[in-house]
file start.cif (mmCIF, N, CA and C atoms)
data_entry
#
loop_
_atom_site.label_atom_id
_atom_site.label_comp_id
_atom_site.auth_asym_id
_atom_site.auth_seq_id
_atom_site.Cartn_x
_atom_site.Cartn_y
_atom_site.Cartn_z
N GLY H 5 -107.95 172.79 52.18
CA GLY H 5 -107.98 171.47 51.61
C GLY H 5 -106.72 170.69 51.94
N HIS H 6 -106.82 169.40 51.83
CA HIS H 6 -105.69 168.53 52.07
C HIS H 6 -105.17 168.00 50.76
N GLU H 7 -103.87 167.73 50.73
CA GLU H 7 -103.30 167.05 49.57
C GLU H 7 -102.92 165.65 50.01
N TYR H 8 -103.18 164.68 49.14
CA TYR H 8 -102.91 163.29 49.46
C TYR H 8 -102.05 162.69 48.38
N LEU H 9 -101.33 161.64 48.73
CA LEU H 9 -100.58 160.90 47.73
C LEU H 9 -101.56 160.37 46.69
N PRO H 10 -101.13 160.26 45.43
CA PRO H 10 -102.03 159.79 44.38
C PRO H 10 -102.69 158.45 44.68
N VAL H 11 -102.06 157.61 45.48
CA VAL H 11 -102.64 156.30 45.78
C VAL H 11 -103.97 156.43 46.52
N PHE H 12 -104.16 157.54 47.21
CA PHE H 12 -105.38 157.71 47.99
C PHE H 12 -106.40 158.61 47.31
N GLU H 13 -105.95 159.45 46.38
CA GLU H 13 -106.77 160.53 45.84
C GLU H 13 -108.15 160.07 45.37
N ASP H 14 -108.19 159.03 44.53
CA ASP H 14 -109.47 158.61 43.99
C ASP H 14 -110.22 157.67 44.94
N GLN H 15 -109.62 157.34 46.07
CA GLN H 15 -110.25 156.39 46.98
C GLN H 15 -110.79 157.06 48.24
N LEU H 16 -110.47 158.33 48.44
CA LEU H 16 -110.88 158.99 49.67
C LEU H 16 -112.38 159.23 49.70
N LYS H 17 -112.95 159.01 50.86
CA LYS H 17 -114.36 159.29 51.07
C LYS H 17 -114.42 160.25 52.26
N PRO H 18 -115.37 161.15 52.28
CA PRO H 18 -115.47 162.04 53.44
C PRO H 18 -115.70 161.23 54.71
N ARG H 19 -114.91 161.49 55.72
CA ARG H 19 -115.01 160.72 56.96
C ARG H 19 -115.05 161.60 58.20
N GLY H 20 -114.87 162.88 58.06
CA GLY H 20 -114.81 163.72 59.24
C GLY H 20 -113.40 163.79 59.77
N ALA H 21 -113.27 163.87 61.08
CA ALA H 21 -111.95 164.03 61.70
C ALA H 21 -111.10 162.78 61.53
N LEU H 22 -109.79 162.98 61.52
CA LEU H 22 -108.88 161.84 61.47
C LEU H 22 -109.11 160.95 62.67
N GLY H 23 -108.90 159.67 62.48
CA GLY H 23 -109.05 158.74 63.60
C GLY H 23 -110.45 158.19 63.74
N THR H 24 -111.37 158.62 62.89
CA THR H 24 -112.75 158.15 63.01
C THR H 24 -113.06 157.02 62.04
N ALA H 25 -112.08 156.61 61.24
CA ALA H 25 -112.33 155.58 60.22
C ALA H 25 -112.81 154.28 60.86
N ASP H 26 -112.23 153.91 61.97
CA ASP H 26 -112.62 152.67 62.64
C ASP H 26 -112.12 152.78 64.07
N SER H 27 -113.02 152.66 65.03
CA SER H 27 -112.62 152.88 66.41
C SER H 27 -111.88 151.70 67.02
N ARG H 28 -111.95 150.53 66.38
CA ARG H 28 -111.25 149.36 66.92
C ARG H 28 -109.75 149.47 66.65
N ALA H 29 -108.95 149.12 67.63
CA ALA H 29 -107.50 149.11 67.44
C ALA H 29 -107.12 147.93 66.56
N LYS H 30 -106.28 148.18 65.58
CA LYS H 30 -105.83 147.12 64.69
C LYS H 30 -104.38 146.81 64.99
N ARG H 31 -104.00 145.58 64.68
CA ARG H 31 -102.59 145.22 64.83
C ARG H 31 -101.79 145.95 63.77
N PRO H 32 -100.64 146.48 64.14
CA PRO H 32 -99.82 147.12 63.11
C PRO H 32 -99.26 146.08 62.15
N LEU H 33 -99.11 146.47 60.90
CA LEU H 33 -98.48 145.62 59.91
C LEU H 33 -97.03 145.43 60.34
N ASN H 34 -96.51 144.20 60.29
CA ASN H 34 -95.11 144.03 60.65
C ASN H 34 -94.23 144.15 59.41
N ALA H 35 -92.95 144.36 59.65
CA ALA H 35 -92.00 144.63 58.57
C ALA H 35 -91.95 143.48 57.57
N PHE H 36 -91.98 142.24 58.05
CA PHE H 36 -91.93 141.10 57.13
C PHE H 36 -93.14 141.07 56.21
N MET H 37 -94.31 141.38 56.73
CA MET H 37 -95.51 141.35 55.88
C MET H 37 -95.43 142.40 54.78
N ALA H 38 -94.86 143.56 55.07
CA ALA H 38 -94.66 144.57 54.02
C ALA H 38 -93.69 144.05 52.97
N PHE H 39 -92.57 143.49 53.43
CA PHE H 39 -91.56 142.90 52.55
C PHE H 39 -92.19 141.82 51.68
N ARG H 40 -92.92 140.92 52.32
CA ARG H 40 -93.54 139.79 51.63
C ARG H 40 -94.53 140.26 50.57
N THR H 41 -95.35 141.23 50.92
CA THR H 41 -96.33 141.75 49.96
C THR H 41 -95.65 142.38 48.76
N TYR H 42 -94.57 143.13 49.00
CA TYR H 42 -93.88 143.83 47.92
C TYR H 42 -93.16 142.87 46.98
N TYR H 43 -92.56 141.82 47.53
CA TYR H 43 -91.75 140.92 46.72
C TYR H 43 -92.46 139.63 46.30
N LEU H 44 -93.71 139.44 46.69
CA LEU H 44 -94.43 138.23 46.32
C LEU H 44 -94.50 138.04 44.81
N LYS H 45 -94.48 139.14 44.06
CA LYS H 45 -94.56 139.05 42.60
C LYS H 45 -93.32 138.41 41.98
N LEU H 46 -92.29 138.17 42.77
CA LEU H 46 -91.11 137.46 42.28
C LEU H 46 -91.45 136.00 41.96
N PHE H 47 -92.51 135.50 42.55
CA PHE H 47 -92.87 134.08 42.42
C PHE H 47 -94.30 133.93 41.91
N PRO H 48 -94.59 134.41 40.70
CA PRO H 48 -95.98 134.42 40.21
C PRO H 48 -96.59 133.04 39.99
N ASP H 49 -95.77 132.06 39.67
CA ASP H 49 -96.30 130.73 39.35
C ASP H 49 -96.03 129.72 40.46
N THR H 50 -95.79 130.22 41.66
CA THR H 50 -95.43 129.38 42.80
C THR H 50 -96.59 129.35 43.79
N GLN H 51 -96.84 128.18 44.38
CA GLN H 51 -97.87 128.09 45.41
C GLN H 51 -97.53 129.04 46.55
N GLN H 52 -98.56 129.59 47.16
CA GLN H 52 -98.40 130.56 48.25
C GLN H 52 -97.46 130.04 49.35
N LYS H 53 -97.63 128.79 49.74
CA LYS H 53 -96.81 128.21 50.81
C LYS H 53 -95.34 128.22 50.43
N ASN H 54 -95.03 127.81 49.20
CA ASN H 54 -93.64 127.78 48.75
C ASN H 54 -93.07 129.18 48.59
N ALA H 55 -93.87 130.09 48.03
CA ALA H 55 -93.42 131.47 47.87
C ALA H 55 -93.10 132.08 49.24
N SER H 56 -93.94 131.81 50.23
CA SER H 56 -93.68 132.34 51.58
C SER H 56 -92.38 131.80 52.14
N GLY H 57 -92.09 130.53 51.87
CA GLY H 57 -90.82 129.95 52.32
C GLY H 57 -89.63 130.62 51.67
N PHE H 58 -89.72 130.87 50.37
CA PHE H 58 -88.63 131.56 49.66
C PHE H 58 -88.45 132.97 50.21
N LEU H 59 -89.58 133.66 50.44
CA LEU H 59 -89.51 135.03 50.93
C LEU H 59 -88.97 135.08 52.36
N THR H 60 -89.27 134.07 53.16
CA THR H 60 -88.71 134.01 54.52
C THR H 60 -87.20 133.90 54.46
N GLN H 61 -86.69 133.08 53.53
CA GLN H 61 -85.24 132.96 53.36
C GLN H 61 -84.62 134.27 52.89
N LEU H 62 -85.26 134.94 51.94
CA LEU H 62 -84.76 136.23 51.46
C LEU H 62 -84.78 137.27 52.59
N TRP H 63 -85.83 137.25 53.38
CA TRP H 63 -85.96 138.18 54.51
C TRP H 63 -84.80 138.00 55.48
N GLY H 64 -84.39 136.75 55.69
CA GLY H 64 -83.28 136.48 56.60
C GLY H 64 -82.00 137.18 56.21
N GLY H 65 -81.81 137.45 54.93
CA GLY H 65 -80.60 138.12 54.48
C GLY H 65 -80.82 139.55 54.03
N ASP H 66 -82.02 140.07 54.21
CA ASP H 66 -82.30 141.43 53.74
C ASP H 66 -81.65 142.47 54.66
N PRO H 67 -80.86 143.39 54.09
CA PRO H 67 -80.16 144.37 54.91
C PRO H 67 -81.00 145.60 55.26
N HIS H 68 -82.26 145.64 54.82
CA HIS H 68 -83.07 146.85 54.99
C HIS H 68 -84.24 146.67 55.95
N ARG H 69 -84.07 145.84 56.96
CA ARG H 69 -85.18 145.57 57.88
C ARG H 69 -85.68 146.84 58.58
N ASN H 70 -84.78 147.75 58.92
CA ASN H 70 -85.22 148.98 59.58
C ASN H 70 -86.11 149.82 58.66
N LYS H 71 -85.76 149.87 57.38
CA LYS H 71 -86.60 150.60 56.42
C LYS H 71 -87.96 149.93 56.29
N TRP H 72 -87.97 148.59 56.26
CA TRP H 72 -89.24 147.87 56.16
C TRP H 72 -90.10 148.14 57.39
N ALA H 73 -89.48 148.23 58.55
CA ALA H 73 -90.23 148.52 59.78
C ALA H 73 -90.86 149.91 59.69
N LEU H 74 -90.12 150.87 59.14
CA LEU H 74 -90.65 152.23 58.99
C LEU H 74 -91.80 152.26 57.98
N ILE H 75 -91.62 151.58 56.86
CA ILE H 75 -92.67 151.52 55.83
C ILE H 75 -93.94 150.90 56.42
N ALA H 76 -93.78 149.81 57.17
CA ALA H 76 -94.93 149.14 57.78
C ALA H 76 -95.62 150.05 58.79
N LYS H 77 -94.83 150.80 59.55
CA LYS H 77 -95.38 151.71 60.56
C LYS H 77 -96.20 152.83 59.89
N VAL H 78 -95.66 153.39 58.82
CA VAL H 78 -96.38 154.46 58.11
C VAL H 78 -97.67 153.92 57.51
N TYR H 79 -97.59 152.74 56.88
CA TYR H 79 -98.82 152.14 56.32
C TYR H 79 -99.86 151.94 57.43
N SER H 80 -99.44 151.38 58.56
CA SER H 80 -100.37 151.12 59.66
C SER H 80 -101.02 152.41 60.15
N PHE H 81 -100.22 153.47 60.25
CA PHE H 81 -100.75 154.76 60.67
C PHE H 81 -101.82 155.26 59.69
N LEU H 82 -101.49 155.23 58.40
CA LEU H 82 -102.45 155.71 57.39
C LEU H 82 -103.71 154.85 57.38
N ARG H 83 -103.53 153.53 57.45
CA ARG H 83 -104.68 152.62 57.48
C ARG H 83 -105.59 152.92 58.67
N ASP H 84 -104.98 153.15 59.83
CA ASP H 84 -105.77 153.39 61.03
C ASP H 84 -106.44 154.76 61.00
N GLN H 85 -105.82 155.74 60.36
CA GLN H 85 -106.39 157.08 60.30
C GLN H 85 -107.46 157.22 59.21
N LEU H 86 -107.21 156.58 58.06
CA LEU H 86 -108.09 156.78 56.90
C LEU H 86 -109.02 155.60 56.63
N GLY H 87 -108.70 154.43 57.19
CA GLY H 87 -109.51 153.24 56.96
C GLY H 87 -108.87 152.31 55.96
N LYS H 88 -108.98 151.02 56.22
CA LYS H 88 -108.34 150.01 55.37
C LYS H 88 -108.87 150.07 53.94
N SER H 89 -110.14 150.36 53.77
CA SER H 89 -110.70 150.40 52.41
C SER H 89 -110.16 151.59 51.62
N THR H 90 -109.58 152.56 52.31
CA THR H 90 -109.03 153.75 51.65
C THR H 90 -107.58 153.56 51.26
N VAL H 91 -106.83 152.81 52.07
CA VAL H 91 -105.39 152.68 51.86
C VAL H 91 -105.06 151.25 51.44
N ASN H 92 -104.81 151.06 50.16
CA ASN H 92 -104.48 149.75 49.61
C ASN H 92 -103.00 149.47 49.84
N LEU H 93 -102.68 148.34 50.47
CA LEU H 93 -101.29 148.03 50.82
C LEU H 93 -100.39 147.95 49.60
N SER H 94 -100.80 147.22 48.57
CA SER H 94 -99.94 147.08 47.39
C SER H 94 -99.70 148.42 46.72
N ALA H 95 -100.74 149.24 46.61
CA ALA H 95 -100.59 150.56 46.00
C ALA H 95 -99.68 151.44 46.86
N PHE H 96 -99.86 151.36 48.19
CA PHE H 96 -99.00 152.13 49.10
C PHE H 96 -97.54 151.73 48.92
N LEU H 97 -97.28 150.42 48.89
CA LEU H 97 -95.90 149.94 48.73
C LEU H 97 -95.32 150.36 47.39
N GLY H 98 -96.17 150.40 46.36
CA GLY H 98 -95.72 150.82 45.04
C GLY H 98 -95.23 152.25 45.00
N ILE H 99 -95.70 153.06 45.93
CA ILE H 99 -95.23 154.45 46.03
C ILE H 99 -94.14 154.59 47.09
N ALA H 100 -94.37 154.01 48.26
CA ALA H 100 -93.45 154.19 49.39
C ALA H 100 -92.09 153.54 49.15
N CYS H 101 -92.08 152.33 48.58
CA CYS H 101 -90.82 151.61 48.43
C CYS H 101 -89.84 152.32 47.49
N PRO H 102 -90.27 152.79 46.33
CA PRO H 102 -89.32 153.56 45.50
C PRO H 102 -88.85 154.84 46.20
N LEU H 103 -89.74 155.50 46.94
CA LEU H 103 -89.34 156.71 47.67
C LEU H 103 -88.29 156.41 48.73
N MET H 104 -88.35 155.21 49.29
CA MET H 104 -87.39 154.79 50.32
C MET H 104 -86.17 154.09 49.71
N ASN H 105 -86.07 154.12 48.39
CA ASN H 105 -84.95 153.48 47.67
C ASN H 105 -84.84 151.99 47.94
N MET H 106 -85.98 151.32 48.05
CA MET H 106 -85.98 149.87 48.20
C MET H 106 -85.70 149.25 46.84
N VAL H 107 -85.06 148.10 46.83
CA VAL H 107 -84.73 147.42 45.58
C VAL H 107 -86.02 146.95 44.91
N GLU H 108 -86.17 147.27 43.64
CA GLU H 108 -87.37 146.86 42.90
C GLU H 108 -87.43 145.35 42.78
N PRO H 109 -88.64 144.79 42.82
CA PRO H 109 -88.76 143.33 42.70
C PRO H 109 -88.07 142.75 41.47
N SER H 110 -88.13 143.46 40.35
CA SER H 110 -87.56 142.92 39.10
C SER H 110 -86.05 142.73 39.16
N ILE H 111 -85.38 143.40 40.10
CA ILE H 111 -83.91 143.26 40.20
C ILE H 111 -83.46 142.79 41.59
N TYR H 112 -84.41 142.36 42.41
CA TYR H 112 -84.06 141.98 43.79
C TYR H 112 -83.20 140.73 43.85
N ILE H 113 -83.51 139.72 43.04
CA ILE H 113 -82.71 138.49 43.07
C ILE H 113 -82.12 138.19 41.71
#

call {"tool": "encode", "arguments": {"input": "start.cif", "output": "structure tokens"}}
result
Amino acid sequence: GHEYLPVFEDQLKPRGALGTADSRAKRPLNAFMAFRTYYLKLFPDTQQKNASGFLTQLWGGDPHRNKWALIAKVYSFLRDQLGKSTVNLSAFLGIACPLMNMVEPSIYI
């Protein structure tokens, strides 16, 4: 048997061999999109366009871009192996970011 992170446990469906979830190549998630998804909750009452502008400015000064690139790469790998419907980005970030010692949204700014 396989062991999976709790984020996937209740969402896994039998799929056969790894890599069969979807034969089409998908674009990898980029580091900024992972950052943006994780920190979007900083601006709950802000229009999407304005929140994206604020997050772009924060991204410009973020010292952890290499970690974000790694997090995005791991997410992309899991998504491509298990299927997008199996691997929820927000749930993945909720587990991966604390493991990577990323600053929590509540104390980021």

call {"tool": "atom_distance", "arguments": {"input": "start.cif", "atom1": "atom N of Ile113 of chain H", "atom2": "atom C of Leu46 of chain H"}}
result
8.8 Å

call {"tool": "residues_around", "arguments": {"input": "start.cif", "residues": "Pro32 of chain H", "least_positions_apart": "6", "cutoff": "8 Å", "atoms": "all atoms listed in the file", "output": "list in words"}}
result
Ala76, Lys77, Tyr79, Ser80 and Phe81 of chain H

call {"tool": "resolve_selection", "arguments": {"input": "start.cif", "expression": "the PyMOL selection byres ((chain H and resi 72) around 7)", "output": "count of residues only"}}
result
14

call {"tool": "atom_distance", "arguments": {"input": "start.cif", "atom1": "atom CA of Phe96 of chain H", "atom2": "atom CA of Ser110 of chain H"}}
result
17.8 Å

call {"tool": "atom_distance", "arguments": {"input": "start.cif", "atom1": "atom CA of Lys30 of chain H", "atom2": "atom CA of Gly87 of chain H"}}
result
10.5 Å
